[in-house]
>>> print(open('coords_12.cif').read())   # mmCIF, C-alpha atoms
data_upload
loop_
_atom_site.label_atom_id
_atom_site.label_comp_id
_atom_site.auth_asym_id
_atom_site.auth_seq_id
_atom_site.Cartn_x
_atom_site.Cartn_y
_atom_site.Cartn_z
CA MET A 1 -61.22 -7.26 -41.38
CA LEU A 2 -58.21 -9.09 -42.79
CA GLN A 3 -57.59 -9.80 -46.41
CA ARG A 4 -57.14 -13.50 -45.67
CA MET A 5 -58.50 -15.89 -43.10
CA LEU A 6 -55.04 -16.43 -41.63
CA THR A 7 -51.99 -14.26 -42.00
CA GLU A 8 -48.60 -15.26 -40.65
CA ILE A 9 -46.03 -12.59 -39.91
CA ARG A 10 -42.48 -12.83 -38.64
CA VAL A 11 -40.51 -9.91 -37.25
CA ALA A 12 -36.78 -10.51 -36.79
CA GLY A 13 -33.59 -8.62 -36.01
CA PHE A 14 -31.13 -8.06 -33.16
CA GLY A 15 -31.90 -8.19 -29.46
CA GLY A 16 -32.52 -4.64 -28.23
CA GLN A 17 -34.13 -3.45 -31.50
CA GLY A 18 -37.62 -3.90 -30.12
CA VAL A 19 -38.57 -6.86 -32.31
CA ILE A 20 -41.08 -8.20 -29.77
CA LEU A 21 -42.77 -4.86 -29.23
CA ALA A 22 -43.17 -4.44 -32.99
CA ALA A 23 -44.78 -7.88 -33.24
CA ALA A 24 -47.02 -7.21 -30.25
CA VAL A 25 -48.26 -3.93 -31.73
CA ILE A 26 -49.28 -5.72 -34.93
CA GLY A 27 -51.10 -8.44 -32.99
CA LYS A 28 -52.83 -5.96 -30.75
CA ALA A 29 -54.02 -3.84 -33.67
CA ALA A 30 -55.60 -6.84 -35.35
CA ALA A 31 -57.26 -8.26 -32.26
CA ILE A 32 -58.22 -5.37 -30.08
CA PHE A 33 -58.91 -2.60 -32.52
CA GLN A 34 -60.21 -4.60 -35.47
CA GLY A 35 -62.04 -7.39 -33.69
CA GLY A 36 -59.98 -10.30 -35.01
CA HIS A 37 -57.79 -12.82 -33.20
CA ALA A 38 -54.05 -12.67 -32.83
CA ALA A 39 -51.29 -14.59 -31.08
CA MET A 40 -47.69 -13.53 -30.71
CA THR A 41 -45.08 -16.15 -29.91
CA GLN A 42 -41.40 -16.04 -29.27
CA ASN A 43 -39.39 -19.19 -28.83
CA PHE A 44 -36.05 -19.00 -27.11
CA GLY A 45 -33.41 -21.57 -27.84
CA PRO A 46 -29.70 -21.84 -28.43
CA GLU A 47 -30.20 -20.34 -31.92
CA ALA A 48 -31.02 -17.03 -30.26
CA ARG A 49 -27.58 -16.91 -28.66
CA GLY A 50 -25.47 -14.25 -30.29
CA GLY A 51 -28.10 -11.60 -29.99
CA SER A 52 -30.69 -12.38 -32.64
CA SER A 53 -34.36 -11.90 -31.86
CA SER A 54 -37.43 -13.15 -33.68
CA ALA A 55 -41.15 -13.11 -32.97
CA GLN A 56 -44.11 -14.64 -34.77
CA VAL A 57 -47.57 -13.14 -35.06
CA ILE A 58 -50.63 -14.88 -36.38
CA LEU A 59 -53.66 -12.84 -37.35
CA SER A 60 -56.86 -14.75 -37.86
CA THR A 61 -60.57 -14.33 -38.23
CA GLU A 62 -60.95 -17.40 -35.96
CA PRO A 63 -59.49 -18.25 -32.52
CA ILE A 64 -55.90 -19.45 -32.84
CA LEU A 65 -55.24 -22.98 -31.62
CA TYR A 66 -51.70 -23.45 -32.85
CA PRO A 67 -49.56 -20.31 -32.72
CA TYR A 68 -46.46 -21.46 -34.60
CA ILE A 69 -45.67 -20.68 -38.20
CA THR A 70 -43.10 -21.98 -40.63
CA GLN A 71 -43.76 -19.94 -43.77
CA PRO A 72 -44.63 -16.32 -43.17
CA ASP A 73 -46.85 -14.30 -45.47
CA VAL A 74 -44.99 -11.20 -44.32
CA LEU A 75 -41.42 -11.03 -43.06
CA VAL A 76 -40.07 -7.86 -41.44
CA VAL A 77 -36.27 -7.96 -41.01
CA MET A 78 -33.93 -5.56 -39.25
CA SER A 79 -30.64 -7.44 -39.50
CA GLN A 80 -28.59 -9.24 -42.13
CA GLU A 81 -28.63 -12.45 -40.12
CA ALA A 82 -32.41 -12.36 -39.80
CA TYR A 83 -32.69 -11.81 -43.55
CA ALA A 84 -30.37 -14.72 -44.32
CA THR A 85 -32.24 -17.04 -41.94
CA PHE A 86 -35.85 -16.20 -42.68
CA ALA A 87 -36.10 -14.73 -46.21
CA PRO A 88 -36.02 -18.18 -47.88
CA GLN A 89 -39.10 -19.17 -45.83
CA VAL A 90 -41.44 -16.44 -47.11
CA LYS A 91 -44.44 -17.83 -49.01
CA ARG A 92 -44.83 -17.22 -52.74
CA GLY A 93 -46.96 -14.13 -53.06
CA GLY A 94 -45.62 -12.94 -49.72
CA ILE A 95 -44.04 -9.65 -48.73
CA LEU A 96 -40.51 -8.99 -47.48
CA ILE A 97 -39.96 -5.75 -45.54
CA ILE A 98 -36.40 -4.67 -44.97
CA GLU A 99 -34.50 -2.06 -42.98
CA ARG A 100 -32.52 -1.03 -46.02
CA GLU A 101 -29.46 0.37 -44.25
CA LEU A 102 -28.98 -2.73 -42.09
CA VAL A 103 -29.84 -5.40 -44.65
CA HIS A 104 -28.12 -5.97 -47.96
CA VAL A 105 -30.40 -7.97 -50.22
CA ASP A 106 -28.55 -10.41 -52.41
CA ARG A 107 -31.37 -12.54 -53.72
CA ILE A 108 -35.10 -12.19 -53.30
CA PRO A 109 -37.10 -15.42 -53.14
CA ASN A 110 -39.21 -16.21 -56.19
CA GLY A 111 -42.63 -14.62 -56.24
CA VAL A 112 -41.95 -12.43 -53.22
CA ARG A 113 -42.26 -8.65 -53.27
CA ALA A 114 -39.62 -6.78 -51.28
CA PHE A 115 -39.78 -3.24 -49.94
CA GLY A 116 -37.08 -1.30 -48.11
CA VAL A 117 -37.17 1.60 -45.66
CA PRO A 118 -34.27 3.50 -44.04
CA ALA A 119 -35.92 3.12 -40.63
CA THR A 120 -32.77 3.77 -38.59
CA ARG A 121 -32.19 7.09 -40.38
CA LEU A 122 -35.86 8.10 -40.01
CA ALA A 123 -35.69 7.24 -36.29
CA GLU A 124 -32.49 9.25 -35.92
CA GLU A 125 -34.26 12.24 -37.51
CA LEU A 126 -36.59 12.08 -34.51
CA GLY A 127 -33.54 12.12 -32.25
CA ARG A 128 -34.05 8.57 -30.92
CA LYS A 129 -32.69 5.62 -32.89
CA VAL A 130 -34.52 3.40 -30.38
CA VAL A 131 -37.85 3.89 -32.19
CA LEU A 132 -36.67 2.26 -35.43
CA ASN A 133 -38.95 -0.70 -34.62
CA ILE A 134 -42.03 1.53 -34.64
CA VAL A 135 -40.90 3.20 -37.89
CA MET A 136 -40.87 -0.36 -39.30
CA VAL A 137 -44.40 -0.97 -37.98
CA GLY A 138 -45.63 2.19 -39.72
CA PHE A 139 -43.96 1.17 -42.97
CA PHE A 140 -45.41 -2.35 -42.59
CA GLY A 141 -48.86 -0.80 -42.23
CA ALA A 142 -48.62 1.28 -45.40
CA VAL A 143 -47.00 -1.40 -47.54
CA THR A 144 -49.09 -4.43 -46.59
CA ASN A 145 -52.41 -2.66 -46.05
CA LEU A 146 -53.37 -5.68 -43.93
CA LEU A 147 -54.56 -3.62 -40.99
CA ASP A 148 -56.35 -0.33 -40.52
CA ALA A 149 -53.79 2.46 -40.03
CA GLY A 150 -55.80 3.92 -37.14
CA ALA A 151 -55.88 0.53 -35.37
CA LEU A 152 -52.12 0.14 -35.73
CA ARG A 153 -51.53 3.67 -34.47
CA GLN A 154 -53.80 3.06 -31.49
CA ALA A 155 -51.93 -0.17 -30.71
CA VAL A 156 -48.65 1.78 -30.68
CA GLU A 157 -50.15 4.30 -28.28
CA ASP A 158 -51.42 1.54 -25.98
CA SER A 159 -48.17 -0.44 -25.96
CA VAL A 160 -45.64 2.13 -24.81
CA PRO A 161 -45.32 4.07 -21.55
CA PRO A 162 -47.19 7.42 -21.44
CA ALA A 163 -43.93 9.40 -21.53
CA MET A 164 -42.88 7.63 -24.76
CA ARG A 165 -46.18 7.96 -26.64
CA LYS A 166 -45.52 11.16 -28.59
CA LEU A 167 -42.12 9.95 -29.83
CA ASN A 168 -43.46 6.54 -30.85
CA LEU A 169 -46.48 7.98 -32.64
CA GLU A 170 -44.14 10.29 -34.58
CA ALA A 171 -42.04 7.26 -35.48
CA PHE A 172 -45.13 5.37 -36.63
CA ASP A 173 -46.29 8.30 -38.75
CA LYS A 174 -42.85 8.71 -40.32
CA GLY A 175 -42.68 5.04 -41.31
CA PHE A 176 -46.27 5.04 -42.54
CA GLU A 177 -45.81 8.16 -44.65
CA TYR A 178 -42.63 6.78 -46.17
CA GLY A 179 -44.50 3.61 -47.09
CA ALA A 180 -47.57 5.44 -48.40
CA THR A 181 -45.41 7.66 -50.62
CA LEU A 182 -43.60 4.60 -51.92
CA MET A 183 -46.84 2.79 -52.75
CA THR A 184 -48.17 5.88 -54.56
CA ARG A 185 -45.00 6.04 -56.67
CA ILE A 186 -45.32 2.36 -57.50
CA ALA A 187 -48.93 2.85 -58.55
CA GLU A 188 -47.93 5.77 -60.74
CA ASN A 189 -44.68 4.52 -62.21
CA GLY A 190 -44.60 0.80 -61.60
CA GLU A 191 -41.27 1.23 -59.86
CA ALA A 192 -39.60 3.28 -57.14
CA GLU A 193 -36.39 3.45 -55.15
CA GLY A 194 -37.68 1.59 -52.11
CA VAL A 195 -38.93 -1.36 -54.11
CA LEU A 196 -36.16 -3.90 -54.23
CA THR A 197 -38.10 -5.82 -56.82
CA LEU A 198 -41.75 -5.88 -57.60
CA GLU A 199 -41.90 -9.53 -58.36
CA VAL A 200 -39.37 -12.08 -59.49
CA GLU A 201 -40.93 -14.99 -61.30
CA ALA A 202 -39.38 -18.44 -61.15
CA MET B 1 -31.05 -26.14 -14.76
CA LEU B 2 -34.60 -25.57 -13.58
CA GLN B 3 -36.05 -26.82 -10.35
CA ARG B 4 -38.90 -28.50 -12.20
CA MET B 5 -39.30 -30.07 -15.61
CA LEU B 6 -41.88 -27.49 -16.61
CA THR B 7 -42.54 -24.13 -15.06
CA GLU B 8 -45.39 -21.90 -16.14
CA ILE B 9 -45.20 -18.18 -15.51
CA ARG B 10 -47.64 -15.38 -16.24
CA VAL B 11 -46.75 -11.68 -16.20
CA ALA B 12 -49.69 -9.30 -16.27
CA GLY B 13 -50.46 -5.61 -15.86
CA PHE B 14 -51.36 -2.54 -17.93
CA GLY B 15 -50.37 -1.88 -21.51
CA GLY B 16 -47.26 0.30 -21.55
CA GLN B 17 -45.79 -1.21 -18.35
CA GLY B 18 -43.48 -3.46 -20.30
CA VAL B 19 -45.22 -6.73 -19.44
CA ILE B 20 -44.06 -8.44 -22.63
CA LEU B 21 -40.45 -7.37 -22.23
CA ALA B 22 -40.41 -8.69 -18.67
CA ALA B 23 -41.76 -12.05 -19.87
CA ALA B 24 -39.30 -12.18 -22.75
CA VAL B 25 -36.35 -11.52 -20.44
CA ILE B 26 -37.37 -14.46 -18.25
CA GLY B 27 -37.73 -16.76 -21.26
CA LYS B 28 -34.45 -15.65 -22.74
CA ALA B 29 -32.56 -16.19 -19.49
CA ALA B 30 -33.83 -19.75 -19.22
CA ALA B 31 -33.22 -20.73 -22.80
CA ILE B 32 -30.19 -18.85 -23.99
CA PHE B 33 -28.12 -18.48 -20.88
CA GLN B 34 -29.07 -21.65 -19.04
CA GLY B 35 -29.50 -24.04 -21.96
CA GLY B 36 -33.17 -24.85 -21.39
CA HIS B 37 -36.18 -24.25 -23.59
CA ALA B 38 -38.64 -21.40 -23.31
CA ALA B 39 -41.64 -20.04 -25.17
CA MET B 40 -43.35 -16.73 -24.60
CA THR B 41 -46.89 -16.23 -25.86
CA GLN B 42 -49.27 -13.35 -25.87
CA ASN B 43 -52.83 -13.73 -27.06
CA PHE B 44 -54.75 -10.67 -28.08
CA GLY B 45 -58.48 -10.65 -27.94
CA PRO B 46 -61.35 -8.42 -26.94
CA GLU B 47 -60.51 -9.07 -23.25
CA ALA B 48 -57.35 -7.02 -23.74
CA ARG B 49 -59.40 -3.96 -24.65
CA GLY B 50 -59.24 -1.40 -21.90
CA GLY B 51 -55.49 -1.52 -21.63
CA SER B 52 -54.63 -4.73 -19.84
CA SER B 53 -51.62 -6.73 -20.95
CA SER B 54 -50.64 -10.31 -20.15
CA ALA B 55 -47.92 -12.65 -21.38
CA GLN B 56 -47.21 -16.31 -20.67
CA VAL B 57 -43.81 -17.92 -20.43
CA ILE B 58 -43.11 -21.63 -20.27
CA LEU B 59 -39.70 -22.81 -19.13
CA SER B 60 -38.89 -26.42 -19.82
CA THR B 61 -36.07 -28.90 -19.89
CA GLU B 62 -37.63 -30.26 -23.12
CA PRO B 63 -38.75 -28.57 -26.38
CA ILE B 64 -42.14 -26.92 -25.94
CA LEU B 65 -44.90 -28.21 -28.19
CA TYR B 66 -47.87 -26.44 -26.68
CA PRO B 67 -47.13 -22.95 -25.37
CA TYR B 68 -50.37 -22.14 -23.57
CA ILE B 69 -50.92 -22.34 -19.83
CA THR B 70 -53.95 -22.18 -17.64
CA GLN B 71 -52.51 -22.48 -14.13
CA PRO B 72 -49.28 -20.62 -13.56
CA ASP B 73 -46.64 -21.73 -11.07
CA VAL B 74 -45.59 -18.11 -10.79
CA LEU B 75 -47.77 -15.05 -11.35
CA VAL B 76 -46.23 -11.56 -11.56
CA VAL B 77 -48.87 -8.82 -11.40
CA MET B 78 -48.55 -5.08 -11.84
CA SER B 79 -52.20 -4.01 -11.76
CA GLN B 80 -55.28 -4.60 -9.64
CA GLU B 81 -57.20 -5.91 -12.63
CA ALA B 82 -54.47 -8.42 -13.47
CA TYR B 83 -54.45 -9.57 -9.84
CA ALA B 84 -58.22 -10.01 -9.79
CA THR B 85 -58.21 -11.93 -13.07
CA PHE B 86 -55.23 -14.21 -12.63
CA ALA B 87 -54.53 -14.70 -8.90
CA PRO B 88 -57.27 -17.36 -8.53
CA GLN B 89 -55.52 -19.44 -11.23
CA VAL B 90 -52.16 -19.84 -9.47
CA LYS B 91 -51.33 -23.46 -8.64
CA ARG B 92 -51.19 -24.65 -5.05
CA GLY B 93 -47.58 -24.34 -4.00
CA GLY B 94 -47.17 -21.51 -6.49
CA ILE B 95 -45.81 -18.01 -6.03
CA LEU B 96 -47.60 -14.70 -6.42
CA ILE B 97 -45.42 -11.62 -7.00
CA ILE B 98 -47.05 -8.23 -6.63
CA GLU B 99 -46.25 -4.59 -7.29
CA ARG B 100 -47.33 -3.61 -3.80
CA GLU B 101 -48.22 0.02 -4.49
CA LEU B 102 -50.41 -0.82 -7.48
CA VAL B 103 -52.09 -3.95 -6.16
CA HIS B 104 -54.19 -4.25 -3.03
CA VAL B 105 -54.32 -7.88 -1.97
CA ASP B 106 -57.64 -8.86 -0.50
CA ARG B 107 -57.39 -12.63 -0.47
CA ILE B 108 -54.46 -14.88 -1.30
CA PRO B 109 -55.33 -18.23 -2.87
CA ASN B 110 -54.87 -21.29 -0.65
CA GLY B 111 -51.38 -22.72 -0.60
CA VAL B 112 -49.88 -19.82 -2.52
CA ARG B 113 -47.00 -17.72 -1.21
CA ALA B 114 -47.24 -14.01 -2.00
CA PHE B 115 -44.42 -11.46 -2.04
CA GLY B 116 -44.66 -7.72 -2.65
CA VAL B 117 -42.20 -5.13 -3.92
CA PRO B 118 -42.64 -1.35 -4.33
CA ALA B 119 -41.27 -1.56 -7.87
CA THR B 120 -42.69 1.76 -9.05
CA ARG B 121 -41.02 3.60 -6.19
CA LEU B 122 -37.71 1.78 -6.73
CA ALA B 123 -37.87 2.67 -10.44
CA GLU B 124 -38.63 6.30 -9.60
CA GLU B 125 -35.54 6.36 -7.39
CA LEU B 126 -33.58 5.66 -10.57
CA GLY B 127 -35.33 8.63 -12.18
CA ARG B 128 -37.29 6.52 -14.69
CA LYS B 129 -40.59 4.96 -13.70
CA VAL B 130 -40.53 3.16 -17.07
CA VAL B 131 -38.14 0.50 -15.72
CA LEU B 132 -40.57 -0.81 -13.12
CA ASN B 133 -40.96 -3.96 -15.23
CA ILE B 134 -37.25 -4.75 -14.91
CA VAL B 135 -37.34 -4.07 -11.16
CA MET B 136 -40.07 -6.73 -11.08
CA VAL B 137 -37.85 -9.13 -13.05
CA GLY B 138 -35.03 -8.65 -10.53
CA PHE B 139 -37.40 -9.24 -7.62
CA PHE B 140 -38.80 -12.30 -9.39
CA GLY B 141 -35.26 -13.66 -9.72
CA ALA B 142 -34.44 -13.28 -6.04
CA VAL B 143 -37.77 -14.56 -4.73
CA THR B 144 -38.32 -17.58 -6.97
CA ASN B 145 -34.68 -18.61 -7.37
CA LEU B 146 -35.83 -20.44 -10.53
CA LEU B 147 -33.12 -18.97 -12.72
CA ASP B 148 -29.49 -18.03 -12.29
CA ALA B 149 -29.23 -14.33 -11.39
CA GLY B 150 -26.37 -13.83 -13.86
CA ALA B 151 -28.42 -15.37 -16.68
CA LEU B 152 -31.38 -13.11 -15.91
CA ARG B 153 -29.12 -10.06 -15.76
CA GLN B 154 -27.53 -10.99 -19.09
CA ALA B 155 -30.97 -11.42 -20.64
CA VAL B 156 -31.90 -7.89 -19.49
CA GLU B 157 -28.72 -6.53 -21.08
CA ASP B 158 -29.43 -8.34 -24.36
CA SER B 159 -33.07 -7.30 -24.55
CA VAL B 160 -32.85 -3.52 -24.34
CA PRO B 161 -31.24 -0.96 -26.67
CA PRO B 162 -27.58 -0.15 -25.89
CA ALA B 163 -28.44 3.34 -24.63
CA MET B 164 -30.89 1.85 -22.10
CA ARG B 165 -28.65 -0.90 -20.72
CA LYS B 166 -27.16 0.89 -17.72
CA LEU B 167 -30.55 2.08 -16.47
CA ASN B 168 -32.16 -1.33 -16.91
CA LEU B 169 -29.32 -3.18 -15.21
CA GLU B 170 -29.60 -0.79 -12.26
CA ALA B 171 -33.33 -1.50 -12.16
CA PHE B 172 -32.69 -5.24 -12.22
CA ASP B 173 -30.13 -4.96 -9.41
CA LYS B 174 -32.47 -2.85 -7.30
CA GLY B 175 -35.30 -5.36 -7.61
CA PHE B 176 -33.00 -8.30 -7.03
CA GLU B 177 -31.43 -6.77 -3.93
CA TYR B 178 -34.85 -5.93 -2.51
CA GLY B 179 -35.91 -9.54 -3.03
CA ALA B 180 -32.67 -11.00 -1.66
CA THR B 181 -32.94 -8.87 1.48
CA LEU B 182 -36.54 -9.96 1.92
CA MET B 183 -35.67 -13.64 1.56
CA THR B 184 -32.85 -13.28 4.09
CA ARG B 185 -35.24 -11.70 6.59
CA ILE B 186 -37.74 -14.47 6.04
CA ALA B 187 -35.04 -17.09 6.63
CA GLU B 188 -33.99 -15.33 9.83
CA ASN B 189 -37.36 -14.33 11.25
CA GLY B 190 -39.93 -16.33 9.41
CA GLU B 191 -41.66 -13.12 8.46
CA ALA B 192 -40.99 -9.73 6.89
CA GLU B 193 -42.81 -6.69 5.60
CA GLY B 194 -42.80 -7.71 1.91
CA VAL B 195 -44.30 -11.11 2.59
CA LEU B 196 -48.01 -10.77 2.26
CA THR B 197 -48.41 -14.21 3.71
CA LEU B 198 -46.04 -17.09 3.89
CA GLU B 199 -48.61 -19.73 3.32
CA VAL B 200 -52.32 -19.97 3.84
CA GLU B 201 -53.53 -23.50 4.31
CA ALA B 202 -56.98 -24.55 3.21
#
>>> encode(input="coords_12.cif", output="structure tokens")
Amino acid sequence: MLQRMLTEIRVAGFGGQGVILAAAVIGKAAAIFQGGHAAMTQNFGPEARGGSSSAQVILSTEPILYPYITQPDVLVVMSQEAYATFAPQVKRGGILIIERELVHVDRIPNGVRAFGVPATRLAEELGRKVVLNIVMVGFFGAVTNLLDAGALRQAVEDSVPPAMRKLNLEAFDKGFEYGATLMTRIAENGEAEGVLTLEVEA
Amino acid sequence: MLQRMLTEIRVAGFGGQGVILAAAVIGKAAAIFQGGHAAMTQNFGPEARGGSSSAQVILSTEPILYPYITQPDVLVVMSQEAYATFAPQVKRGGILIIERELVHVDRIPNGVRAFGVPATRLAEELGRKVVLNIVMVGFFGAVTNLLDAGALRQAVEDSVPPAMRKLNLEAFDKGFEYGATLMTRIAENGEAEGVLTLEVEA
């Protein structure tokens, strides 16, 4: 089901952006709708003072005994501070996913591919900035191709209150379509606006 | 800061009820606003199929090396299924907190104190059933007295989008006041409507 035996993902941003829900949706999609295992962990400490928020998700083909990660395969960031803190930790060959209106990228780690999405603006087009986290999840789905799009979409539906389902599914679709269009352009042209860099070699 | 060195809490209910957010608020209050350590973990597996949701929080005076729990000190349940699954695991001397309109209590484990709150109805009085999870957090705060009420309230404020803060703080206050009134009645009379049982000895 997963491209690797173990995939480590970090989602990070401000408190109130829905970082934990985004991480939980990814874990749920992998485990419940694709038959794998997943653990989501959030550690709270003094470093979280000041309003930052960060959650870790591990996707695995085996049961997960130790849920902490240090070097993510995929990093999803929604704030400049989160980018500054966690971008240097992404593994070589990993993927960096950025809310491109909230994060200014100064330097991409060696061997990491970075992709940006204007998730806040796409969420605002739906009338509710609050769903920017689910736009990011949709974009994550299209760009990483780690999980089945239908499983991710189902996990969104299952993770929000009934009255919020339609809005969140629209947000997911908007992020996914943006990512799918971007990946098609990359395949055709080798480059596109949302790609911050395809790969920077050491 | 905490009454014990290590306190294990489980929050469980349906998907979409905001189980994870409730757990995260508790962890954040302990760690960020009271200077302790906290870890929140959610494991996803086939057992979560069918829409149940469960999160674990560990509060500690020391860094947390192993974030999993088997026997919670405090269990907060918002569905009958969650009650049936997790109530038998609560430690002797532990506390069971129940959404009393969603959970019918048939048998309370030995040595466990159980308290109920009509959180759905209190949330509906605010016009938004969606905040029932934060009503539960407020009630949890008043009943357990594990965490400073101001720290919990601040964690609610920091964990939701700006546009949702007022509503969620009202929900917190409503749950807290319900719990505080209940505890006062218990202190005065030794019994009250929300107390499902004070203590059942073996």
>>> resolve_selection(input="coords_12.cif", expression="the PyMOL selection byres ((chain B) within 9 of (chain A))", output="ChimeraX atom specification")
/B:14-18,20-21,24,27-33,35-49,51,53,63-64,66-67,130,157-163
>>> resolve_selection(input="coords_12.cif", expression="the PyMOL selection byres ((chain B and resi 149) around 12)", output="ChimeraX atom specification")
/B:25-26,29-30,33-34,137-148,150-156,169,172-173,175-177,179-180
>>> axis_aligned_box(input="coords_12.cif", around="region 72-88 of chain B", padding_each_side="4 Å", output="JSON")
{"center_x": -51.9, "center_y": -12.9, "center_z": -11.0, "size_x": 20.6, "size_y": 25.7, "size_z": 13.0}
>>> atom_distance(input="coords_12.cif", atom1="CA of Leu102 (chain B)", atom2="CA of Asn133 (chain B)")
12.6 Å
>>> residues_around(input="coords_12.cif", residues="region 89-92 of chain A", least_positions_apart="6", cutoff="12 Å", atoms="all atoms listed in the file", output="PDB file with C-alpha atoms, in the frame of the given file")
ATOM      1  CA  THR A   7     -51.990 -14.260 -42.000  1.00  0.00           C
ATOM      2  CA  GLU A   8     -48.600 -15.260 -40.650  1.00  0.00           C
ATOM      3  CA  ILE A   9     -46.030 -12.590 -39.910  1.00  0.00           C
ATOM      4  CA  ARG A  10     -42.480 -12.830 -38.640  1.00  0.00           C
ATOM      5  CA  VAL A  11     -40.510  -9.910 -37.250  1.00  0.00           C
ATOM      6  CA  ILE A  69     -45.670 -20.680 -38.200  1.00  0.00           C
ATOM      7  CA  THR A  70     -43.100 -21.980 -40.630  1.00  0.00           C
ATOM      8  CA  GLN A  71     -43.760 -19.940 -43.770  1.00  0.00           C
ATOM      9  CA  PRO A  72     -44.630 -16.320 -43.170  1.00  0.00           C
ATOM     10  CA  ASP A  73     -46.850 -14.300 -45.470  1.00  0.00           C
ATOM     11  CA  VAL A  74     -44.990 -11.200 -44.320  1.00  0.00           C
ATOM     12  CA  LEU A  75     -41.420 -11.030 -43.060  1.00  0.00           C
ATOM     13  CA  VAL A  76     -40.070  -7.860 -41.440  1.00  0.00           C
ATOM     14  CA  VAL A  77     -36.270  -7.960 -41.010  1.00  0.00           C
ATOM     15  CA  ALA A  82     -32.410 -12.360 -39.800  1.00  0.00           C
ATOM     16  CA  TYR A  83     -32.690 -11.810 -43.550  1.00  0.00           C
ATOM     17  CA  ILE A 108     -35.100 -12.190 -53.300  1.00  0.00           C
ATOM     18  CA  PRO A 109     -37.100 -15.420 -53.140  1.00  0.00           C
ATOM     19  CA  ASN A 110     -39.210 -16.210 -56.190  1.00  0.00           C
ATOM     20  CA  GLY A 111     -42.630 -14.620 -56.240  1.00  0.00           C
ATOM     21  CA  VAL A 112     -41.950 -12.430 -53.220  1.00  0.00           C
ATOM     22  CA  ARG A 113     -42.260  -8.650 -53.270  1.00  0.00           C
ATOM     23  CA  ALA A 114     -39.620  -6.780 -51.280  1.00  0.00           C
ATOM     24  CA  GLU A 199     -41.900  -9.530 -58.360  1.00  0.00           C
ATOM     25  CA  VAL A 200     -39.370 -12.080 -59.490  1.00  0.00           C
ATOM     26  CA  GLU A 201     -40.930 -14.990 -61.300  1.00  0.00           C
ATOM     27  CA  ALA A 202     -39.380 -18.440 -61.150  1.00  0.00           C
TER      28      ALA A 202
END
>>> atom_distance(input="coords_12.cif", atom1="CA of Ile98 (chain B)", atom2="CA of Val195 (chain B)")
10.0 Å
>>> atom_distance(input="coords_12.cif", atom1="CA of Arg100 (chain B)", atom2="CA of Pro118 (chain B)")
5.2 Å
